[in-house]
file target02.tsv (TSV, C-alpha atoms)
chain	number	residue	atom	x	y	z
A	1102	MET	CA	-67.01	-50.15	-56.68
A	1103	ILE	CA	-69.34	-51.28	-53.92
A	1104	ARG	CA	-68.40	-54.70	-52.61
A	1105	ILE	CA	-70.46	-57.10	-50.50
A	1106	VAL	CA	-68.42	-59.22	-48.10
A	1107	ASP	CA	-69.10	-62.83	-49.03
A	1108	TYR	CA	-68.00	-64.90	-46.03
A	1109	GLY	CA	-70.61	-67.64	-46.05
A	1110	VAL	CA	-73.20	-66.31	-43.60
A	1111	GLY	CA	-74.94	-63.48	-45.44
A	1112	ASN	CA	-78.31	-63.02	-47.07
A	1113	ILE	CA	-76.45	-62.08	-50.22
A	1114	PHE	CA	-78.88	-62.90	-53.02
A	1115	SER	CA	-81.72	-60.60	-51.91
A	1116	LEU	CA	-79.25	-57.84	-51.04
A	1117	LYS	CA	-77.65	-58.02	-54.49
A	1118	CYS	CA	-81.10	-58.01	-56.11
A	1119	SER	CA	-82.11	-54.92	-54.13
A	1120	LEU	CA	-79.00	-53.06	-55.23
A	1121	ASP	CA	-79.57	-54.15	-58.83
A	1122	TYR	CA	-83.15	-52.85	-58.58
A	1123	ILE	CA	-81.99	-49.34	-57.65
A	1124	GLY	CA	-79.40	-49.41	-60.42
A	1125	VAL	CA	-76.33	-49.94	-58.28
A	1126	ARG	CA	-73.59	-52.30	-59.39
A	1127	ALA	CA	-72.10	-54.33	-56.55
A	1128	GLU	CA	-69.65	-57.22	-56.50
A	1129	LEU	CA	-69.38	-60.10	-54.07
A	1130	THR	CA	-65.88	-60.74	-52.78
A	1131	ARG	CA	-63.93	-63.07	-50.52
A	1132	ASP	CA	-60.63	-61.42	-51.45
A	1133	PRO	CA	-59.16	-59.05	-48.82
A	1134	GLU	CA	-57.10	-57.23	-51.46
A	1135	GLU	CA	-60.20	-56.53	-53.55
A	1136	LEU	CA	-62.12	-55.41	-50.47
A	1137	ILE	CA	-59.47	-52.84	-49.59
A	1138	LYS	CA	-59.92	-51.24	-53.04
A	1139	SER	CA	-63.68	-50.73	-52.51
A	1140	GLU	CA	-65.43	-47.37	-52.55
A	1141	LYS	CA	-68.04	-48.73	-50.13
A	1142	ILE	CA	-68.52	-52.01	-48.28
A	1143	ILE	CA	-71.62	-53.88	-47.13
A	1144	LEU	CA	-71.23	-56.56	-44.45
A	1145	PRO	CA	-74.34	-58.78	-44.33
A	1146	GLY	CA	-74.90	-61.61	-41.89
A	1147	VAL	CA	-77.35	-64.25	-40.71
A	1148	GLY	CA	-76.66	-66.77	-37.93
A	1149	ALA	CA	-74.64	-66.91	-34.72
A	1150	PHE	CA	-72.12	-64.24	-33.69
A	1151	GLY	CA	-69.22	-66.58	-32.82
A	1152	ASP	CA	-69.46	-68.64	-36.00
A	1153	ALA	CA	-69.65	-65.50	-38.11
A	1154	VAL	CA	-66.53	-64.01	-36.51
A	1155	LYS	CA	-64.59	-67.19	-37.26
A	1156	MET	CA	-65.76	-67.19	-40.88
A	1157	LEU	CA	-64.92	-63.49	-41.28
A	1158	LYS	CA	-61.40	-64.00	-39.91
A	1159	LYS	CA	-60.71	-66.77	-42.42
A	1160	GLY	CA	-58.43	-65.53	-45.14
A	1161	GLY	CA	-57.98	-62.10	-43.53
A	1162	MET	CA	-61.42	-60.66	-44.31
A	1163	ALA	CA	-61.92	-59.28	-40.79
A	1164	ASP	CA	-58.64	-57.38	-40.96
A	1165	ALA	CA	-59.55	-56.05	-44.41
A	1166	VAL	CA	-62.94	-54.79	-43.19
A	1167	MET	CA	-61.31	-53.01	-40.24
A	1168	GLU	CA	-58.56	-51.53	-42.41
A	1169	THR	CA	-60.97	-50.10	-44.96
A	1170	ALA	CA	-63.26	-48.70	-42.25
A	1171	LYS	CA	-60.35	-46.99	-40.53
A	1172	LYS	CA	-59.40	-45.40	-43.87
A	1173	GLY	CA	-62.80	-43.69	-43.93
A	1174	ILE	CA	-64.46	-45.92	-46.52
A	1175	PRO	CA	-68.23	-46.12	-45.81
A	1176	LEU	CA	-69.21	-49.47	-44.30
A	1177	LEU	CA	-72.74	-50.76	-43.73
A	1178	GLY	CA	-73.34	-53.79	-41.50
A	1179	ILE	CA	-76.74	-55.49	-41.80
A	1180	CYS	CA	-78.38	-57.59	-39.06
A	1181	LEU	CA	-75.63	-59.90	-37.76
A	1182	GLY	CA	-73.26	-57.81	-39.86
A	1183	MET	CA	-74.17	-54.82	-37.69
A	1184	GLN	CA	-73.67	-56.83	-34.51
A	1185	LEU	CA	-70.16	-57.80	-35.61
A	1186	LEU	CA	-69.20	-54.11	-35.66
A	1187	PHE	CA	-69.33	-53.97	-31.84
A	1188	ASP	CA	-66.69	-54.88	-29.27
A	1189	LYS	CA	-68.24	-58.16	-28.09
A	1190	GLY	CA	-71.16	-60.51	-28.55
A	1191	TYR	CA	-72.64	-62.80	-25.88
A	1192	GLU	CA	-74.33	-65.41	-28.04
A	1193	TYR	CA	-73.43	-68.91	-26.78
A	1194	GLY	CA	-70.42	-67.56	-24.92
A	1195	GLU	CA	-68.32	-64.42	-25.18
A	1196	HIS	CA	-66.86	-63.49	-28.56
A	1197	GLU	CA	-64.72	-60.58	-29.73
A	1198	GLY	CA	-66.24	-58.41	-32.43
A	1199	LEU	CA	-64.54	-55.99	-34.83
A	1200	GLY	CA	-64.50	-53.15	-32.29
A	1201	LEU	CA	-65.47	-50.47	-34.81
A	1202	ILE	CA	-68.36	-49.21	-32.66
A	1203	PRO	CA	-68.28	-49.22	-28.83
A	1204	GLY	CA	-70.87	-51.53	-27.29
A	1205	TYR	CA	-71.82	-55.17	-27.08
A	1206	VAL	CA	-74.55	-57.56	-28.20
A	1207	GLU	CA	-76.81	-59.15	-25.58
A	1208	ASP	CA	-79.57	-61.76	-25.44
A	1209	MET	CA	-82.92	-59.98	-25.77
A	1210	ASN	CA	-84.39	-62.28	-23.11
A	1211	LYS	CA	-82.41	-60.17	-20.62
A	1212	LEU	CA	-83.67	-56.90	-22.09
A	1213	LEU	CA	-87.41	-57.37	-22.62
A	1214	THR	CA	-89.58	-55.63	-20.08
A	1215	ASP	CA	-92.60	-57.58	-21.33
A	1216	GLN	CA	-91.73	-61.28	-21.15
A	1217	SER	CA	-94.94	-62.21	-22.97
A	1218	LEU	CA	-93.38	-60.99	-26.23
A	1219	SER	CA	-91.96	-63.73	-28.42
A	1220	LEU	CA	-88.39	-64.05	-29.65
A	1221	PRO	CA	-86.98	-63.68	-32.17
A	1222	GLN	CA	-88.38	-60.24	-32.78
A	1223	MET	CA	-89.75	-60.98	-36.22
A	1224	GLY	CA	-91.73	-58.63	-38.40
A	1225	TRP	CA	-92.29	-54.97	-39.13
A	1226	ASN	CA	-91.49	-52.24	-36.60
A	1227	ALA	CA	-91.51	-48.45	-36.87
A	1228	LEU	CA	-88.30	-46.45	-36.64
A	1229	SER	CA	-87.82	-43.61	-34.16
A	1230	PHE	CA	-84.96	-41.13	-34.45
A	1231	PRO	CA	-83.16	-39.61	-31.42
A	1232	THR	CA	-84.41	-36.10	-30.65
A	1233	ASP	CA	-80.98	-34.85	-29.57
A	1234	LYS	CA	-79.18	-35.65	-32.85
A	1235	GLU	CA	-79.39	-34.65	-36.47
A	1236	VAL	CA	-80.97	-37.29	-38.68
A	1237	SER	CA	-78.29	-39.57	-40.08
A	1238	PRO	CA	-77.56	-39.35	-43.82
A	1239	LEU	CA	-78.57	-43.01	-43.91
A	1240	PHE	CA	-82.17	-41.86	-43.36
A	1241	LYS	CA	-82.27	-38.81	-45.60
A	1242	TYR	CA	-85.07	-40.42	-47.65
A	1243	THR	CA	-86.76	-42.13	-44.69
A	1244	PRO	CA	-89.47	-40.36	-42.63
A	1245	GLU	CA	-89.59	-41.14	-38.93
A	1246	GLY	CA	-92.20	-43.82	-38.25
A	1247	SER	CA	-91.36	-45.78	-41.39
A	1248	SER	CA	-91.56	-49.54	-40.83
A	1249	VAL	CA	-88.73	-51.96	-41.55
A	1250	TYR	CA	-88.31	-55.72	-41.19
A	1251	PHE	CA	-86.52	-57.32	-38.24
A	1252	VAL	CA	-85.51	-60.91	-37.46
A	1253	HIS	CA	-83.25	-61.18	-34.40
A	1254	SER	CA	-82.96	-62.46	-30.83
A	1255	TYR	CA	-79.87	-60.45	-29.81
A	1256	SER	CA	-79.61	-56.70	-29.51
A	1257	ALA	CA	-76.84	-54.09	-29.30
A	1258	VAL	CA	-76.53	-52.26	-25.98
A	1259	GLY	CA	-74.05	-49.88	-24.37
A	1260	CYS	CA	-73.87	-47.93	-27.62
A	1261	GLU	CA	-76.05	-44.89	-26.86
A	1262	GLU	CA	-73.71	-42.37	-28.51
A	1263	SER	CA	-73.88	-44.25	-31.81
A	1264	ILE	CA	-77.64	-44.93	-31.97
A	1265	ILE	CA	-79.35	-43.23	-34.92
A	1266	ALA	CA	-82.67	-45.13	-34.76
A	1267	THR	CA	-84.62	-47.32	-32.37
A	1268	ALA	CA	-87.69	-49.55	-32.62
A	1269	GLU	CA	-90.03	-50.31	-29.73
A	1270	TYR	CA	-90.26	-53.92	-28.58
A	1271	SER	CA	-91.09	-53.39	-24.88
A	1272	TYR	CA	-87.83	-51.41	-24.76
A	1273	PRO	CA	-86.08	-49.19	-27.33
A	1274	VAL	CA	-84.28	-51.75	-29.51
A	1275	THR	CA	-81.13	-50.46	-31.20
A	1276	ALA	CA	-82.33	-50.39	-34.80
A	1277	ALA	CA	-79.42	-48.52	-36.43
A	1278	VAL	CA	-76.06	-47.08	-35.46
A	1279	GLN	CA	-73.43	-44.80	-36.90
A	1280	LYS	CA	-69.90	-43.87	-35.88
A	1281	ASP	CA	-68.30	-41.62	-38.49
A	1282	ASN	CA	-68.21	-43.67	-41.73
A	1283	VAL	CA	-69.38	-46.92	-40.10
A	1284	PHE	CA	-73.13	-47.65	-40.23
A	1285	GLY	CA	-75.24	-50.56	-39.10
A	1286	THR	CA	-78.87	-51.63	-39.32
A	1287	GLN	CA	-80.31	-54.38	-37.13
A	1288	PHE	CA	-83.20	-54.66	-39.58
A	1289	HIS	CA	-82.90	-55.95	-43.14
A	1290	PRO	CA	-83.14	-53.12	-45.71
A	1291	GLU	CA	-83.23	-55.72	-48.49
A	1292	LYS	CA	-86.43	-57.16	-46.97
A	1293	SER	CA	-88.04	-53.82	-46.09
A	1294	GLY	CA	-89.72	-52.87	-49.36
A	1295	HIS	CA	-89.44	-49.33	-50.69
A	1296	VAL	CA	-88.28	-48.02	-47.30
A	1297	GLY	CA	-85.34	-50.40	-47.32
A	1298	LEU	CA	-84.48	-49.52	-50.90
A	1299	SER	CA	-84.42	-45.84	-49.97
A	1300	ILE	CA	-81.98	-46.61	-47.12
A	1301	LEU	CA	-79.69	-48.53	-49.45
A	1302	LYS	CA	-79.88	-45.66	-51.94
A	1303	ALA	CA	-78.91	-43.19	-49.22
A	1304	PHE	CA	-75.94	-45.34	-48.19
A	1305	VAL	CA	-74.73	-45.54	-51.79
A	1306	GLU	CA	-74.83	-41.73	-51.97
A	1307	ILE	CA	-72.78	-41.19	-48.79
call {"tool": "encode", "arguments": {"input": "target02.tsv", "output": "C-alpha cells"}}
result
Amino acid sequence: MIRIVDYGVGNIFSLKCSLDYIGVRAELTRDPEELIKSEKIILPGVGAFGDAVKMLKKGGMADAVMETAKKGIPLLGICLGMQLLFDKGYEYGEHEGLGLIPGYVEDMNKLLTDQSLSLPQMGWNALSFPTDKEVSPLFKYTPEGSSVYFVHSYSAVGCEESIIATAEYSYPVTAAVQKDNVFGTQFHPEKSGHVGLSILKAFVEI
C-alpha cells in the first residue's frame, strides 16, 4: 500500500487525484504504525519549514518516516516535503530537518544571480539532468527538457551528490534529489500535467 503522510500541511487532494488518475490506490494516514507498514510513502508539503517540522513530529510521524526510509522503503518528498528531507532549513530561523539527505535549505534571495527575477519562483521550468550520472529511475519516462511546475522561495543547497535534476532560474535550482531509496522533487508532480503523472508512475514502479 502506498500511503500519503497527512500531517496538515500538504497539497493532498490534487496528489490523491493524480494517483487515482493513473490507477494507483493510495491512503492518507496520520498513524505512525500504519505508515511503517507501507510499501511506499509520499511526503507532501506546503508552507513554512519550521511549522511543518513541528506538525510532522506530532504523534511520532517524523520518527515513522525516518524509520521506514532507513528500512529501504521508497519515499518521495514533494516541494516542502522534499525540503524536510535535508539536515536543516533556514526559513524564519534555523530548524532541524529529517536528515535523510545531506544538505540544507536556503532563502533563494541569497542564491539568485539575477536579482530582477521575482520570488517565489512560480511557473513552468525545464528539467536538466546531470551529465555525470545515470538518469534516475524517477525520470525513466521523462525526457530531459520536460517542463514541470514550481512554487517556492527556498532552495536546497550543499547536496550536489544527491541532485538528479536541476532547473535554471539564474542559477541551477535543485529540482530533484535522490539518495538510495529516498527521492525528492522541489516541483509539484501533481500540478505538472502528463509529465508529472509520468514521474508519479515511475515512483510507484520503483
call {"tool": "atom_distance", "arguments": {"input": "target02.tsv", "atom1": "atom CA of A:Ala1170", "atom2": "atom CA of A:Asn1282"}}
result
7.1 Å
call {"tool": "residues_around", "arguments": {"input": "target02.tsv", "residues": "stretch 1124-1138 of chain A", "least_positions_apart": "5", "cutoff": "7 Å", "atoms": "all atoms listed in the file", "output": "list in words"}}
result
Met1102, Ile1103, Arg1104, Ile1105, Val1106, Asp1107, Tyr1108, Lys1117, Gly1161, Met1162, Ala1165 and Thr1169 of chain A
call {"tool": "residues_around", "arguments": {"input": "target02.tsv", "residues": "A:Lys1155", "least_positions_apart": "3", "cutoff": "12 Å", "atoms": "all atoms listed in the file", "output": "ChimeraX atom specification"}}
result
/A:1108-1110,1149-1152,1158-1163,1185,1196-1199
call {"tool": "atom_distance", "arguments": {"input": "target02.tsv", "atom1": "atom CA of A:Ser1263", "atom2": "atom CA of A:Lys1280"}}
result
5.7 Å
call {"tool": "atom_distance", "arguments": {"input": "target02.tsv", "atom1": "atom CA of A:Glu1306", "atom2": "atom CA of A:Phe1187"}}
result
24.2 Å
call {"tool": "closest_residue", "arguments": {"input": "target02.tsv", "among": "A:Val1305, A:Val1147, A:Leu1298, A:Ala1227", "to": "A:Cys1118", "atoms": "all atoms listed in the file"}}
result
A:Leu1298
call {"tool": "residues_around", "arguments": {"input": "target02.tsv", "residues": "A:Gly1285", "least_positions_apart": "5", "cutoff": "8 Å", "atoms": "all atoms listed in the file", "output": "PyMOL selection string"}}
result
chain A and resi 1177-1180+1182-1184+1186+1277-1279
call {"tool": "closest_residue", "arguments": {"input": "target02.tsv", "among": "A:Gly1224, A:Gly1148, A:Pro1238, A:Gly1190", "to": "A:Phe1284", "atoms": "all atoms listed in the file"}}
result
A:Pro1238
call {"tool": "closest_residue", "arguments": {"input": "target02.tsv", "among": "A:Ser1229, A:Ser1237, A:Ser1248, A:Ser1293", "to": "A:Thr1275", "atoms": "only C-alpha atoms"}}
result
A:Ser1229
call {"tool": "closest_residue", "arguments": {"input": "target02.tsv", "among": "A:Ile1113, A:Leu1120, A:Ile1265, A:Met1223", "to": "A:Val1283", "atoms": "all atoms listed in the file"}}
result
A:Ile1265
call {"tool": "closest_residue", "arguments": {"input": "target02.tsv", "among": "A:Pro1290, A:Gly1297, A:Gly1194, A:Pro1231", "to": "A:Ala1268", "atoms": "all atoms listed in the file"}}
result
A:Pro1231
call {"tool": "closest_residue", "arguments": {"input": "target02.tsv", "among": "A:Tyr1242, A:Tyr1272, A:Tyr1122, A:Tyr1193", "to": "A:Ser1299", "atoms": "only C-alpha atoms"}}
result
A:Tyr1242
call {"tool": "residues_around", "arguments": {"input": "target02.tsv", "residues": "A:Gly1294", "least_positions_apart": "2", "cutoff": "12 Å", "atoms": "all atoms listed in the file", "output": "PyMOL selection string"}}
result
chain A and resi 1115-1116+1119+1122-1123+1225+1247-1250+1288-1292+1296-1301
call {"tool": "decode", "arguments": {"input": "target02.tsv", "residues": "stretch 1158-1182 of chain A", "atoms": "N, CA and C atoms", "output": "mmCIF file, in the first residue's frame"}}
result
data_model
loop_
_atom_site.group_PDB
_atom_site.id
_atom_site.type_symbol
_atom_site.label_atom_id
_atom_site.label_comp_id
_atom_site.auth_asym_id
_atom_site.auth_seq_id
_atom_site.Cartn_x
_atom_site.Cartn_y
_atom_site.Cartn_z
ATOM 1 N N LYS A 1158 6.337 16.095 13.623
ATOM 2 C CA LYS A 1158 6.782 15.431 14.852
ATOM 3 C C LYS A 1158 5.626 15.064 15.775
ATOM 4 N N LYS A 1159 4.493 15.745 15.589
ATOM 5 C CA LYS A 1159 3.328 15.442 16.430
ATOM 6 C C LYS A 1159 2.891 13.998 16.222
ATOM 7 N N GLY A 1160 2.742 13.296 17.301
ATOM 8 C CA GLY A 1160 2.232 11.931 17.205
ATOM 9 C C GLY A 1160 3.216 10.931 16.643
ATOM 10 N N GLY A 1161 4.489 11.326 16.501
ATOM 11 C CA GLY A 1161 5.532 10.395 16.080
ATOM 12 C C GLY A 1161 5.653 10.169 14.590
ATOM 13 N N MET A 1162 5.042 11.026 13.772
ATOM 14 C CA MET A 1162 5.099 10.809 12.321
ATOM 15 C C MET A 1162 6.503 10.999 11.749
ATOM 16 N N ALA A 1163 7.260 11.952 12.299
ATOM 17 C CA ALA A 1163 8.627 12.167 11.802
ATOM 18 C C ALA A 1163 9.478 10.928 12.028
ATOM 19 N N ASP A 1164 9.380 10.356 13.225
ATOM 20 C CA ASP A 1164 10.142 9.140 13.532
ATOM 21 C C ASP A 1164 9.727 7.992 12.623
ATOM 22 N N ALA A 1165 8.432 7.898 12.332
ATOM 23 C CA ALA A 1165 7.939 6.815 11.467
ATOM 24 C C ALA A 1165 8.462 6.971 10.041
ATOM 25 N N VAL A 1166 8.493 8.210 9.532
ATOM 26 C CA VAL A 1166 9.027 8.460 8.197
ATOM 27 C C VAL A 1166 10.494 8.052 8.133
ATOM 28 N N MET A 1167 11.272 8.449 9.138
ATOM 29 C CA MET A 1167 12.703 8.120 9.147
ATOM 30 C C MET A 1167 12.927 6.614 9.281
ATOM 31 N N GLU A 1168 12.129 5.973 10.105
ATOM 32 C CA GLU A 1168 12.273 4.522 10.291
ATOM 33 C C GLU A 1168 11.998 3.768 9.007
ATOM 34 N N THR A 1169 10.917 4.122 8.327
ATOM 35 C CA THR A 1169 10.579 3.417 7.084
ATOM 36 C C THR A 1169 11.626 3.676 6.006
ATOM 37 N N ALA A 1170 12.121 4.923 5.918
ATOM 38 C CA ALA A 1170 13.143 5.231 4.921
ATOM 39 C C ALA A 1170 14.415 4.432 5.176
ATOM 40 N N LYS A 1171 14.794 4.308 6.428
ATOM 41 C CA LYS A 1171 16.018 3.588 6.769
ATOM 42 C C LYS A 1171 15.871 2.081 6.554
ATOM 43 N N LYS A 1172 14.639 1.601 6.472
ATOM 44 C CA LYS A 1172 14.385 0.189 6.146
ATOM 45 C C LYS A 1172 14.469 -0.077 4.650
ATOM 46 N N GLY A 1173 14.594 0.988 3.848
ATOM 47 C CA GLY A 1173 14.687 0.820 2.403
ATOM 48 C C GLY A 1173 13.389 1.012 1.667
ATOM 49 N N ILE A 1174 12.325 1.422 2.365
ATOM 50 C CA ILE A 1174 11.041 1.666 1.716
ATOM 51 C C ILE A 1174 11.141 2.952 0.891
ATOM 52 N N PRO A 1175 10.747 2.934 -0.379
ATOM 53 C CA PRO A 1175 10.829 4.149 -1.204
ATOM 54 C C PRO A 1175 9.998 5.292 -0.627
ATOM 55 N N LEU A 1176 10.620 6.458 -0.561
ATOM 56 C CA LEU A 1176 9.998 7.663 -0.010
ATOM 57 C C LEU A 1176 10.159 8.788 -1.021
ATOM 58 N N LEU A 1177 9.060 9.497 -1.294
ATOM 59 C CA LEU A 1177 9.094 10.651 -2.190
ATOM 60 C C LEU A 1177 8.602 11.881 -1.439
ATOM 61 N N GLY A 1178 9.477 12.889 -1.287
ATOM 62 C CA GLY A 1178 9.089 14.169 -0.717
ATOM 63 C C GLY A 1178 8.788 15.149 -1.833
ATOM 64 N N ILE A 1179 7.704 15.914 -1.696
ATOM 65 C CA ILE A 1179 7.286 16.856 -2.733
ATOM 66 C C ILE A 1179 7.280 18.271 -2.178
ATOM 67 N N CYS A 1180 7.955 19.185 -2.868
ATOM 68 C CA CYS A 1180 8.034 20.606 -2.520
ATOM 69 C C CYS A 1180 8.580 20.757 -1.094
ATOM 70 N N LEU A 1181 7.808 21.296 -0.171
ATOM 71 C CA LEU A 1181 8.278 21.390 1.210
ATOM 72 C C LEU A 1181 8.602 20.010 1.766
ATOM 73 N N GLY A 1182 7.870 19.002 1.320
ATOM 74 C CA GLY A 1182 8.173 17.631 1.735
ATOM 75 C C GLY A 1182 9.572 17.213 1.335
#
